[in-house]
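Novice: Below you will find the structure I want to go over with you.
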Amino acid sequence: MSEKILVIGANGQIGTELVTALRGIHGAENVIASDINSPTYAIRNNGPFEFANVLDKDNLHHLFDKHRPTQVYLLAAMLSAVGEQKPKMAWDLNMTGLLHVLDFAVEFKTAKVFWPSSIAVFGPHSPQYDTPQYCVMDPNTVYGFSKLAGERWCEYYFTKYGVDVRSIRYPGLIGWKANPGGGTTDYAVHIFHEALKHGKYQSFLSANTALPMMYMEDAIRATITLMDAPAEQISIRSSYNLGGISFTPTQLADEIKKHLPDFEISYADADPRQAIADSWPKSIDDSQAQQDWGWKLEYDLPRMTQDMLQNLKELV
């Protein structure tokens with residue numbers, strides 16, 4: 001039986017690349033991209049597309065009824081920095097959308113659901129280094145506590161209703177194919193664009209702010225690997241830690257300078273995103289993902305930097 005996959009929030013930083021990867025594996029006709037906004041040319045023309053608003057329950061129900069998906073990837077969300085400007089809207093989008101999808105997964109007996117969590121679930125009292133899978137979690141952003149609540153709902157629907165929900169706590173994601181969506185880690189994408197366009201960049205995070213990051217190729221591979229793993233190998237139904245690579249803006253700039261020696265970085269004063277970054281872990285322990293479904297990182301900082309600059313040179 002072939003898969004029928006629905007990707008909700010397909011226009012975003014993750015969705016753009018995930019749709020392409022899934023269509024390459026399962027065939028374009030079997031991956032339905034959906035978003036509240038009109039998609040890029042590639043997504044619209046290389047396979048089916050549906051307009052979808054996760055807050056419109058009737059519209060979403062129609063999509064499930066029409067396509068009867070065997071897998072659903074719910075990527076629609078409001079991220080950390082934007083969420084702090086619109087906290088109640090962020091909570092509504094991040095929570096209500098998830099509950100709609102989980103309810104329809106029960107009703108339509110959807111085989112698997114993927115929902116992304118984030119390192120934002122951790123907070124000021126979580127261990128900052130090698131943050132373990134289970135620890136104190138006291139997020140202080142609406143994005144963080146909506147993701148933490150979402151993790152509990154995912155595990156609840158698995159336990160109570162048998163929904164095969166799978167999730168990853170993504171670190172900051174870095175890619176060249178789509179723009180980031182308003183997160184605290186976005187500097188690590190913008191810096192490459194500015195380095196190539198102007199030879200300089202002003203970071204909104206301070207020089208020594210270490211955060212866990214991941215190249216998009218690794219993130220997409222991790223997502224698909226998790227979804228392909230046999231159900232008996234999935235021991236965590238809240239969300240798996242995923243560590244990636246940890247670095248500071250200074251370390252990233254130094255790596256860029258190996259390719260662009262004249263590049264200069266400066267640092268802004270008192271950006272509100274700094275407080276968010278300071279509450280997040282500096283490195284993550286993802287040994288549970290390694291043990292359960294064979295997760296292994298492929299892109300370190302030098303390889304990621306080289307690949308980003310090489311690909312963006314053709315676009316800038």
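Chains: A, B, ... in order of the structure tokens. Residues: from 1 per chain. Ligands: from 1, in order shown.
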Quick one: everything within 7 Å of Val165 of chain A, counting only C-alpha atoms, minus sequence neighbours fewer than 6 positions away in the same chain. Send it as a VMD selection string.

Specialist: chain A and resid 112 to 114 154 158 237

Novice: Set the distance at 8 Å and use only C-alpha atoms: which residues neighbour Leu196 of chain A once local chain neighbours fewer than 2 positions away are removed? I'd like the list as a list in words.

Specialist: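 Final neighbour list, sorted by chain and number: Phe192, His193, Glu194, His198, Gly199, Leu309, Leu312, Lys313 and Val316 of chain A.
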
Novice: Run DSSP on the backbone of this structure and report the residues of segment 19-262 of chain A it assigns to strand (DSSP E or B), as a ChimeraX atom specification.

Specialist: /A:31-35,49-51,71-74,112-114,117-118,131,165-166,168-170,172-174,200-203,211-215,240-241,245-247

Novice: Can you tell me which residues surround His61 of chain A at a distance of at most 9 Å, considering only C-alpha atoms, apart from same-chain residues fewer than 5 positions away, and format the answer as a PyMOL selection string?

Specialist: chain A and resi 56+66+100-101+104

Novice: Using C-alpha atoms, can you write the selected residues to a file as a PDB file, in the first residue's frame?

Specialist:
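The result, stored in selection05.pdb:
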```
ATOM      1  CA  ASP A  56     -10.364  26.267  10.463  1.00  0.00           C
ATOM      2  CA  LYS A  66     -10.638  14.064   0.799  1.00  0.00           C
ATOM      3  CA  HIS A 100      -7.382  19.546  15.444  1.00  0.00           C
ATOM      4  CA  VAL A 101      -4.843  17.289  13.730  1.00  0.00           C
ATOM      5  CA  PHE A 104      -8.683  13.925  12.962  1.00  0.00           C
TER       6      PHE A 104
END
```

Novice: Find the residues near Ser283 of chain A: any atom within 7 Å, counting only C-alpha atoms, skip ones fewer than 3 places away on the same chain, and give them as a ChimeraX atom specification.

Specialist: /A:128-131,211-212,243,246

Novice: I'd like the neighbourhood of Asn179 of chain A as a PyMOL selection string, where a residue qualifies if any of its atoms comes within 9 Å (using only C-alpha atoms), though same-chain residues fewer than 4 positions away should be ignored.

Specialist: chain A and resi 12-13+175+186+189-190

Novice: Convert the current residue selection to file output with N, CA and C atoms, as a short mmCIF file (atom, residue, chain, number, x, y, z; two decimals), in the first residue's frame.

Specialist:
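Result file follows (result02.cif):
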```
data_model
loop_
_atom_site.label_atom_id
_atom_site.label_comp_id
_atom_site.auth_asym_id
_atom_site.auth_seq_id
_atom_site.Cartn_x
_atom_site.Cartn_y
_atom_site.Cartn_z
N GLY A 12 6.97 26.79 4.87
CA GLY A 12 7.95 27.26 5.83
C GLY A 12 9.35 26.73 5.57
N GLN A 13 10.25 27.09 6.49
CA GLN A 13 11.67 26.72 6.35
C GLN A 13 11.85 25.21 6.30
N GLY A 175 19.43 26.66 6.80
CA GLY A 175 19.31 26.16 5.43
C GLY A 175 19.34 27.31 4.44
N ASP A 186 17.58 32.72 14.05
CA ASP A 186 17.60 33.13 12.64
C ASP A 186 18.91 33.81 12.22
N VAL A 189 21.24 32.06 9.83
CA VAL A 189 20.94 32.02 8.39
C VAL A 189 21.24 33.38 7.76
N HIS A 190 20.77 34.44 8.42
CA HIS A 190 20.97 35.79 7.88
C HIS A 190 22.44 36.13 7.68
#
```

Novice: I'd like the neighbourhood of Cys135 of chain A as a compact mmCIF listing (two decimals) with C-alpha atoms, in the first residue's frame, where a residue qualifies if any of its atoms comes within 10 Å (using only C-alpha atoms), though same-chain residues fewer than 2 positions away should be ignored.

Specialist:
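As a result, selection.txt now contains:
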```txt
# COMPACT_ATOMS: atom_id res chain seq x y z
CA PHE A 122 13.74 24.11 28.16
CA HIS A 125 16.48 26.17 35.34
CA SER A 126 17.13 23.39 32.82
CA PRO A 127 20.73 22.11 32.71
CA THR A 131 20.69 19.02 28.46
CA PRO A 132 19.20 15.56 29.04
CA GLN A 133 16.00 14.12 27.60
CA MET A 137 11.56 22.30 31.96
CA ASP A 138 10.40 25.84 32.74
```

Novice: Identify, with DSSP run on backbone atoms, the residues in segment 28-264 of chain A assigned to alpha helix (DSSP H), and express the list as a JSON list (two decimals) with N, CA and C atoms, in the first residue's frame.

Specialist:
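And here is the file that came out, states_9.json:
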```json
[["chain", "number", "residue", "atom", "x", "y", "z"],
["A", 41, "TYR", "N", 6.78, 28.31, -6.49],
["A", 41, "TYR", "CA", 6.52, 27.71, -7.80],
["A", 41, "TYR", "C", 6.74, 26.21, -7.76],
["A", 42, "ALA", "N", 7.85, 25.78, -7.15],
["A", 42, "ALA", "CA", 8.22, 24.37, -7.16],
["A", 42, "ALA", "C", 7.17, 23.52, -6.45],
["A", 43, "ILE", "N", 6.73, 23.95, -5.27],
["A", 43, "ILE", "CA", 5.77, 23.16, -4.51],
["A", 43, "ILE", "C", 4.43, 23.09, -5.25],
["A", 44, "ARG", "N", 4.01, 24.21, -5.82],
["A", 44, "ARG", "CA", 2.71, 24.24, -6.50],
["A", 44, "ARG", "C", 2.73, 23.40, -7.77],
["A", 45, "ASN", "N", 3.82, 23.40, -8.49],
["A", 45, "ASN", "CA", 3.84, 22.78, -9.81],
["A", 45, "ASN", "C", 4.41, 21.37, -9.84],
["A", 57, "LYS", "N", -11.38, 24.34, 11.49],
["A", 57, "LYS", "CA", -11.57, 22.90, 11.70],
["A", 57, "LYS", "C", -12.33, 22.25, 10.55],
["A", 58, "ASP", "N", -13.32, 22.95, 9.99],
["A", 58, "ASP", "CA", -14.09, 22.39, 8.89],
["A", 58, "ASP", "C", -13.22, 22.19, 7.65],
["A", 59, "ASN", "N", -12.40, 23.20, 7.36],
["A", 59, "ASN", "CA", -11.48, 23.12, 6.22],
["A", 59, "ASN", "C", -10.50, 21.96, 6.38],
["A", 60, "LEU", "N", -9.97, 21.81, 7.58],
["A", 60, "LEU", "CA", -9.00, 20.75, 7.86],
["A", 60, "LEU", "C", -9.67, 19.37, 7.78],
["A", 61, "HIS", "N", -10.88, 19.29, 8.30],
["A", 61, "HIS", "CA", -11.64, 18.03, 8.24],
["A", 61, "HIS", "C", -11.86, 17.62, 6.78],
["A", 62, "HIS", "N", -12.17, 18.60, 5.94],
["A", 62, "HIS", "CA", -12.37, 18.32, 4.51],
["A", 62, "HIS", "C", -11.10, 17.74, 3.88],
["A", 63, "LEU", "N", -9.93, 18.28, 4.26],
["A", 63, "LEU", "CA", -8.67, 17.78, 3.71],
["A", 63, "LEU", "C", -8.42, 16.32, 4.12],
["A", 64, "PHE", "N", -8.66, 16.03, 5.38],
["A", 64, "PHE", "CA", -8.49, 14.64, 5.85],
["A", 64, "PHE", "C", -9.47, 13.71, 5.15],
["A", 65, "ASP", "N", -10.70, 14.15, 5.01],
["A", 65, "ASP", "CA", -11.73, 13.32, 4.38],
["A", 65, "ASP", "C", -11.42, 13.10, 2.89],
["A", 66, "LYS", "N", -10.92, 14.14, 2.24],
["A", 66, "LYS", "CA", -10.64, 14.06, 0.80],
["A", 66, "LYS", "C", -9.44, 13.17, 0.51],
["A", 67, "HIS", "N", -8.37, 13.32, 1.28],
["A", 67, "HIS", "CA", -7.11, 12.63, 0.95],
["A", 67, "HIS", "C", -6.85, 11.37, 1.78],
["A", 80, "SER", "N", 9.43, 31.62, 18.02],
["A", 80, "SER", "CA", 9.70, 32.26, 19.31],
["A", 80, "SER", "C", 9.65, 33.78, 19.28],
["A", 81, "ALA", "N", 10.42, 34.41, 18.39],
["A", 81, "ALA", "CA", 10.52, 35.87, 18.40],
["A", 81, "ALA", "C", 9.19, 36.51, 18.00],
["A", 82, "VAL", "N", 8.55, 35.99, 16.97],
["A", 82, "VAL", "CA", 7.25, 36.52, 16.53],
["A", 82, "VAL", "C", 6.19, 36.24, 17.58],
["A", 83, "GLY", "N", 6.27, 35.06, 18.20],
["A", 83, "GLY", "CA", 5.29, 34.69, 19.22],
["A", 83, "GLY", "C", 5.28, 35.62, 20.42],
["A", 84, "GLU", "N", 6.43, 36.19, 20.77],
["A", 84, "GLU", "CA", 6.48, 37.13, 21.89],
["A", 84, "GLU", "C", 5.77, 38.44, 21.57],
["A", 85, "GLN", "N", 5.65, 38.75, 20.29],
["A", 85, "GLN", "CA", 4.93, 39.96, 19.88],
["A", 85, "GLN", "C", 3.42, 39.72, 19.83],
["A", 87, "PRO", "N", 1.46, 36.94, 21.64],
["A", 87, "PRO", "CA", 1.46, 35.73, 22.47],
["A", 87, "PRO", "C", 0.17, 34.90, 22.40],
["A", 88, "LYS", "N", -0.98, 35.54, 22.45],
["A", 88, "LYS", "CA", -2.23, 34.76, 22.45],
["A", 88, "LYS", "C", -2.49, 34.15, 21.08],
["A", 89, "MET", "N", -2.12, 34.86, 20.05],
["A", 89, "MET", "CA", -2.25, 34.31, 18.70],
["A", 89, "MET", "C", -1.32, 33.12, 18.52],
["A", 90, "ALA", "N", -0.11, 33.23, 19.07],
["A", 90, "ALA", "CA", 0.85, 32.13, 18.97],
["A", 90, "ALA", "C", 0.33, 30.90, 19.71],
["A", 91, "TRP", "N", -0.21, 31.10, 20.91],
["A", 91, "TRP", "CA", -0.75, 29.98, 21.68],
["A", 91, "TRP", "C", -1.89, 29.31, 20.90],
["A", 92, "ASP", "N", -2.78, 30.12, 20.36],
["A", 92, "ASP", "CA", -3.94, 29.58, 19.64],
["A", 92, "ASP", "C", -3.50, 28.77, 18.42],
["A", 93, "LEU", "N", -2.59, 29.34, 17.64],
["A", 93, "LEU", "CA", -2.12, 28.65, 16.44],
["A", 93, "LEU", "C", -1.39, 27.35, 16.79],
["A", 94, "ASN", "N", -0.48, 27.44, 17.76],
["A", 94, "ASN", "CA", 0.36, 26.29, 18.09],
["A", 94, "ASN", "C", -0.41, 25.17, 18.79],
["A", 95, "MET", "N", -1.41, 25.53, 19.60],
["A", 95, "MET", "CA", -2.15, 24.52, 20.35],
["A", 95, "MET", "C", -3.37, 24.00, 19.61],
["A", 96, "THR", "N", -4.21, 24.93, 19.14],
["A", 96, "THR", "CA", -5.46, 24.52, 18.51],
["A", 96, "THR", "C", -5.20, 23.72, 17.24],
["A", 97, "GLY", "N", -4.22, 24.15, 16.46],
["A", 97, "GLY", "CA", -3.87, 23.41, 15.25],
["A", 97, "GLY", "C", -3.47, 21.98, 15.55],
["A", 98, "LEU", "N", -2.66, 21.80, 16.60],
["A", 98, "LEU", "CA", -2.23, 20.44, 16.97],
["A", 98, "LEU", "C", -3.42, 19.59, 17.40],
["A", 99, "LEU", "N", -4.30, 20.15, 18.22],
["A", 99, "LEU", "CA", -5.44, 19.37, 18.71],
["A", 99, "LEU", "C", -6.38, 19.00, 17.57],
["A", 100, "HIS", "N", -6.58, 19.89, 16.61],
["A", 100, "HIS", "CA", -7.38, 19.55, 15.44],
["A", 100, "HIS", "C", -6.79, 18.33, 14.71],
["A", 101, "VAL", "N", -5.49, 18.38, 14.48],
["A", 101, "VAL", "CA", -4.84, 17.29, 13.73],
["A", 101, "VAL", "C", -4.90, 15.98, 14.52],
["A", 102, "LEU", "N", -4.66, 16.04, 15.82],
["A", 102, "LEU", "CA", -4.72, 14.82, 16.63],
["A", 102, "LEU", "C", -6.13, 14.23, 16.64],
["A", 103, "ASP", "N", -7.15, 15.08, 16.73],
["A", 103, "ASP", "CA", -8.53, 14.60, 16.70],
["A", 103, "ASP", "C", -8.85, 13.92, 15.37],
["A", 104, "PHE", "N", -8.39, 14.51, 14.27],
["A", 104, "PHE", "CA", -8.68, 13.92, 12.96],
["A", 104, "PHE", "C", -7.86, 12.66, 12.72],
["A", 105, "ALA", "N", -6.68, 12.60, 13.33],
["A", 105, "ALA", "CA", -5.88, 11.37, 13.24],
["A", 105, "ALA", "C", -6.62, 10.21, 13.89],
["A", 106, "VAL", "N", -7.33, 10.49, 14.99],
["A", 106, "VAL", "CA", -8.15, 9.46, 15.64],
["A", 106, "VAL", "C", -9.33, 9.11, 14.73],
["A", 107, "GLU", "N", -10.04, 10.13, 14.25],
["A", 107, "GLU", "CA", -11.25, 9.90, 13.45],
["A", 107, "GLU", "C", -10.96, 9.14, 12.16],
["A", 142, "VAL", "N", 6.07, 32.09, 25.11],
["A", 142, "VAL", "CA", 4.82, 31.44, 24.71],
["A", 142, "VAL", "C", 5.10, 30.31, 23.72],
["A", 143, "TYR", "N", 6.10, 30.49, 22.87],
["A", 143, "TYR", "CA", 6.49, 29.41, 21.96],
["A", 143, "TYR", "C", 6.95, 28.19, 22.75],
["A", 144, "GLY", "N", 7.79, 28.43, 23.75],
["A", 144, "GLY", "CA", 8.32, 27.33, 24.55],
["A", 144, "GLY", "C", 7.24, 26.58, 25.31],
["A", 145, "PHE", "N", 6.36, 27.31, 25.99],
["A", 145, "PHE", "CA", 5.38, 26.55, 26.77],
["A", 145, "PHE", "C", 4.24, 26.01, 25.91],
["A", 146, "SER", "N", 4.03, 26.55, 24.73],
["A", 146, "SER", "CA", 3.08, 25.90, 23.82],
["A", 146, "SER", "C", 3.66, 24.59, 23.29],
["A", 147, "LYS", "N", 4.96, 24.58, 23.04],
["A", 147, "LYS", "CA", 5.61, 23.35, 22.60],
["A", 147, "LYS", "C", 5.64, 22.30, 23.73],
["A", 148, "LEU", "N", 5.88, 22.74, 24.95],
["A", 148, "LEU", "CA", 5.88, 21.81, 26.08],
["A", 148, "LEU", "C", 4.49, 21.21, 26.28],
["A", 149, "ALA", "N", 3.47, 22.06, 26.21],
["A", 149, "ALA", "CA", 2.09, 21.56, 26.32],
["A", 149, "ALA", "C", 1.77, 20.62, 25.16],
["A", 150, "GLY", "N", 2.24, 20.96, 23.97],
["A", 150, "GLY", "CA", 2.02, 20.12, 22.80],
["A", 150, "GLY", "C", 2.64, 18.74, 22.98],
["A", 151, "GLU", "N", 3.82, 18.69, 23.57],
["A", 151, "GLU", "CA", 4.45, 17.39, 23.84],
["A", 151, "GLU", "C", 3.57, 16.52, 24.73],
["A", 152, "ARG", "N", 2.97, 17.14, 25.74],
["A", 152, "ARG", "CA", 2.12, 16.38, 26.65],
["A", 152, "ARG", "C", 0.88, 15.87, 25.92],
["A", 153, "TRP", "N", 0.30, 16.71, 25.03],
["A", 153, "TRP", "CA", -0.86, 16.27, 24.25],
["A", 153, "TRP", "C", -0.49, 15.11, 23.33],
["A", 154, "CYS", "N", 0.69, 15.19, 22.71],
["A", 154, "CYS", "CA", 1.11, 14.11, 21.81],
["A", 154, "CYS", "C", 1.20, 12.79, 22.55],
["A", 155, "GLU", "N", 1.85, 12.80, 23.71],
["A", 155, "GLU", "CA", 1.97, 11.58, 24.48],
["A", 155, "GLU", "C", 0.61, 11.10, 24.97],
["A", 156, "TYR", "N", -0.25, 12.03, 25.33],
["A", 156, "TYR", "CA", -1.60, 11.70, 25.79],
["A", 156, "TYR", "C", -2.39, 10.98, 24.70],
["A", 157, "TYR", "N", -2.36, 11.51, 23.47],
["A", 157, "TYR", "CA", -3.10, 10.89, 22.37],
["A", 157, "TYR", "C", -2.53, 9.53, 21.99],
["A", 158, "PHE", "N", -1.22, 9.37, 22.18],
["A", 158, "PHE", "CA", -0.63, 8.05, 21.95],
["A", 158, "PHE", "C", -1.12, 7.07, 23.01],
["A", 159, "THR", "N", -1.09, 7.48, 24.26],
["A", 159, "THR", "CA", -1.46, 6.60, 25.37],
["A", 159, "THR", "C", -2.96, 6.29, 25.38],
["A", 160, "LYS", "N", -3.78, 7.32, 25.16],
["A", 160, "LYS", "CA", -5.24, 7.16, 25.29],
["A", 160, "LYS", "C", -5.89, 6.61, 24.03],
["A", 161, "TYR", "N", -5.38, 7.04, 22.86],
["A", 161, "TYR", "CA", -6.08, 6.72, 21.61],
["A", 161, "TYR", "C", -5.23, 5.93, 20.62],
["A", 187, "TYR", "N", 19.64, 34.37, 13.18],
["A", 187, "TYR", "CA", 20.89, 35.05, 12.83],
["A", 187, "TYR", "C", 21.82, 34.13, 12.04],
["A", 188, "ALA", "N", 21.76, 32.83, 12.37],
["A", 188, "ALA", "CA", 22.70, 31.88, 11.77],
["A", 188, "ALA", "C", 22.37, 31.57, 10.31],
["A", 189, "VAL", "N", 21.24, 32.06, 9.83],
["A", 189, "VAL", "CA", 20.94, 32.02, 8.39],
["A", 189, "VAL", "C", 21.24, 33.38, 7.76],
["A", 190, "HIS", "N", 20.77, 34.44, 8.42],
["A", 190, "HIS", "CA", 20.97, 35.79, 7.88],
["A", 190, "HIS", "C", 22.44, 36.13, 7.68],
["A", 191, "ILE", "N", 23.30, 35.62, 8.57],
["A", 191, "ILE", "CA", 24.71, 35.97, 8.52],
["A", 191, "ILE", "C", 25.35, 35.55, 7.19],
["A", 192, "PHE", "N", 24.91, 34.43, 6.64],
["A", 192, "PHE", "CA", 25.48, 33.95, 5.37],
["A", 192, "PHE", "C", 25.05, 34.86, 4.21],
["A", 193, "HIS", "N", 23.80, 35.26, 4.20],
["A", 193, "HIS", "CA", 23.29, 36.15, 3.15],
["A", 193, "HIS", "C", 24.03, 37.49, 3.18],
["A", 194, "GLU", "N", 24.17, 38.03, 4.39],
["A", 194, "GLU", "CA", 24.82, 39.34, 4.52],
["A", 194, "GLU", "C", 26.32, 39.26, 4.21],
["A", 195, "ALA", "N", 26.94, 38.15, 4.58],
["A", 195, "ALA", "CA", 28.37, 37.98, 4.29],
["A", 195, "ALA", "C", 28.62, 38.02, 2.78],
["A", 196, "LEU", "N", 27.75, 37.38, 2.02],
["A", 196, "LEU", "CA", 27.93, 37.34, 0.57],
["A", 196, "LEU", "C", 27.50, 38.64, -0.11],
["A", 197, "LYS", "N", 26.46, 39.27, 0.43],
["A", 197, "LYS", "CA", 25.95, 40.50, -0.21],
["A", 197, "LYS", "C", 26.77, 41.73, 0.16],
["A", 216, "MET", "N", 19.97, 22.00, 7.70],
["A", 216, "MET", "CA", 18.66, 21.51, 7.29],
["A", 216, "MET", "C", 18.71, 20.10, 6.70],
["A", 217, "GLU", "N", 19.78, 19.77, 5.99],
["A", 217, "GLU", "CA", 19.89, 18.42, 5.45],
["A", 217, "GLU", "C", 19.84, 17.37, 6.56],
["A", 218, "ASP", "N", 20.51, 17.65, 7.67],
["A", 218, "ASP", "CA", 20.46, 16.74, 8.81],
["A", 218, "ASP", "C", 19.07, 16.71, 9.42],
["A", 219, "ALA", "N", 18.42, 17.86, 9.54],
["A", 219, "ALA", "CA", 17.10, 17.93, 10.16],
["A", 219, "ALA", "C", 16.06, 17.16, 9.35],
["A", 220, "ILE", "N", 16.11, 17.30, 8.03],
["A", 220, "ILE", "CA", 15.16, 16.58, 7.18],
["A", 220, "ILE", "C", 15.42, 15.08, 7.25],
["A", 221, "ARG", "N", 16.69, 14.71, 7.22],
["A", 221, "ARG", "CA", 17.04, 13.29, 7.30],
["A", 221, "ARG", "C", 16.60, 12.70, 8.64],
["A", 222, "ALA", "N", 16.79, 13.45, 9.72],
["A", 222, "ALA", "CA", 16.35, 12.98, 11.04],
["A", 222, "ALA", "C", 14.84, 12.78, 11.08],
["A", 223, "THR", "N", 14.11, 13.71, 10.50],
["A", 223, "THR", "CA", 12.64, 13.65, 10.51],
["A", 223, "THR", "C", 12.15, 12.41, 9.78],
["A", 224, "ILE", "N", 12.69, 12.18, 8.60],
["A", 224, "ILE", "CA", 12.25, 11.03, 7.79],
["A", 224, "ILE", "C", 12.70, 9.72, 8.42],
["A", 225, "THR", "N", 13.90, 9.70, 8.98],
["A", 225, "THR", "CA", 14.40, 8.50, 9.66],
["A", 225, "THR", "C", 13.51, 8.13, 10.84],
["A", 226, "LEU", "N", 13.13, 9.13, 11.63],
["A", 226, "LEU", "CA", 12.23, 8.89, 12.76],
["A", 226, "LEU", "C", 10.89, 8.34, 12.28],
["A", 227, "MET", "N", 10.34, 8.94, 11.23],
["A", 227, "MET", "CA", 9.03, 8.49, 10.74],
["A", 227, "MET", "C", 9.08, 7.11, 10.10],
["A", 228, "ASP", "N", 10.23, 6.73, 9.57],
["A", 228, "ASP", "CA", 10.38, 5.41, 8.94],
["A", 228, "ASP", "C", 10.69, 4.30, 9.94],
["A", 249, "PRO", "N", 27.95, 33.13, 17.74],
["A", 249, "PRO", "CA", 28.10, 33.98, 16.56],
["A", 249, "PRO", "C", 29.56, 34.23, 16.19],
["A", 250, "THR", "N", 30.43, 34.36, 17.18],
["A", 250, "THR", "CA", 31.86, 34.58, 16.91],
["A", 250, "THR", "C", 32.48, 33.37, 16.22],
["A", 251, "GLN", "N", 32.16, 32.20, 16.70],
["A", 251, "GLN", "CA", 32.71, 30.98, 16.10],
["A", 251, "GLN", "C", 32.21, 30.79, 14.66],
["A", 252, "LEU", "N", 30.94, 31.12, 14.44],
["A", 252, "LEU", "CA", 30.40, 31.02, 13.08],
["A", 252, "LEU", "C", 31.07, 32.04, 12.16],
["A", 253, "ALA", "N", 31.24, 33.26, 12.65],
["A", 253, "ALA", "CA", 31.91, 34.30, 11.86],
["A", 253, "ALA", "C", 33.34, 33.89, 11.51],
["A", 254, "ASP", "N", 34.04, 33.30, 12.47],
["A", 254, "ASP", "CA", 35.42, 32.86, 12.22],
["A", 254, "ASP", "C", 35.46, 31.80, 11.13],
["A", 255, "GLU", "N", 34.46, 30.93, 11.11],
["A", 255, "GLU", "CA", 34.40, 29.88, 10.09],
["A", 255, "GLU", "C", 34.12, 30.49, 8.72],
["A", 256, "ILE", "N", 33.24, 31.49, 8.69],
["A", 256, "ILE", "CA", 32.93, 32.18, 7.43],
["A", 256, "ILE", "C", 34.17, 32.90, 6.90],
["A", 257, "LYS", "N", 34.97, 33.46, 7.80],
["A", 257, "LYS", "CA", 36.18, 34.19, 7.39],
["A", 257, "LYS", "C", 37.22, 33.30, 6.70]]
```

Novice: For Trp295 of chain A, which residue out of A:Val72, A:Ile168, A:Ile14, A:Ala28 is the nearest one, using only C-alpha atoms?

Specialist: A:Ile168

Novice: As a PyMOL selection string, please: the residues near Ala210 of chain A (cut-off 7 Å, only C-alpha atoms, same-chain neighbours under 5 positions excluded).

Specialist: chain A and resi 246-248+282

Novice: Return the single residue from A:Gln290, A:Thr16, A:Ser279, A:Ser238 that is closest to Ala33 of chain A, with distances computed using only C-alpha atoms.

Specialist: A:Thr16

Novice: Find the distance between atom CA of Gly27 of chain A and atom CA of Ile234 of chain A and write it in Å to one decimal.

Specialist: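 Interatomic distance, atom CA of Gly27 of chain A to atom CA of Ile234 of chain A: 25.9 Å.
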
Novice: Let me make sure I understand: among A:Leu6, A:Ala21, A:Ala207, A:Ile284, which one has the smallest atom-to-atom distance to Thr70 of chain A if we use only C-alpha atoms?

Specialist: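 Checking each of A:Leu6, A:Ala21, A:Ala207, A:Ile284 against Thr70 of chain A, counting only C-alpha atoms, the winner is A:Leu6.
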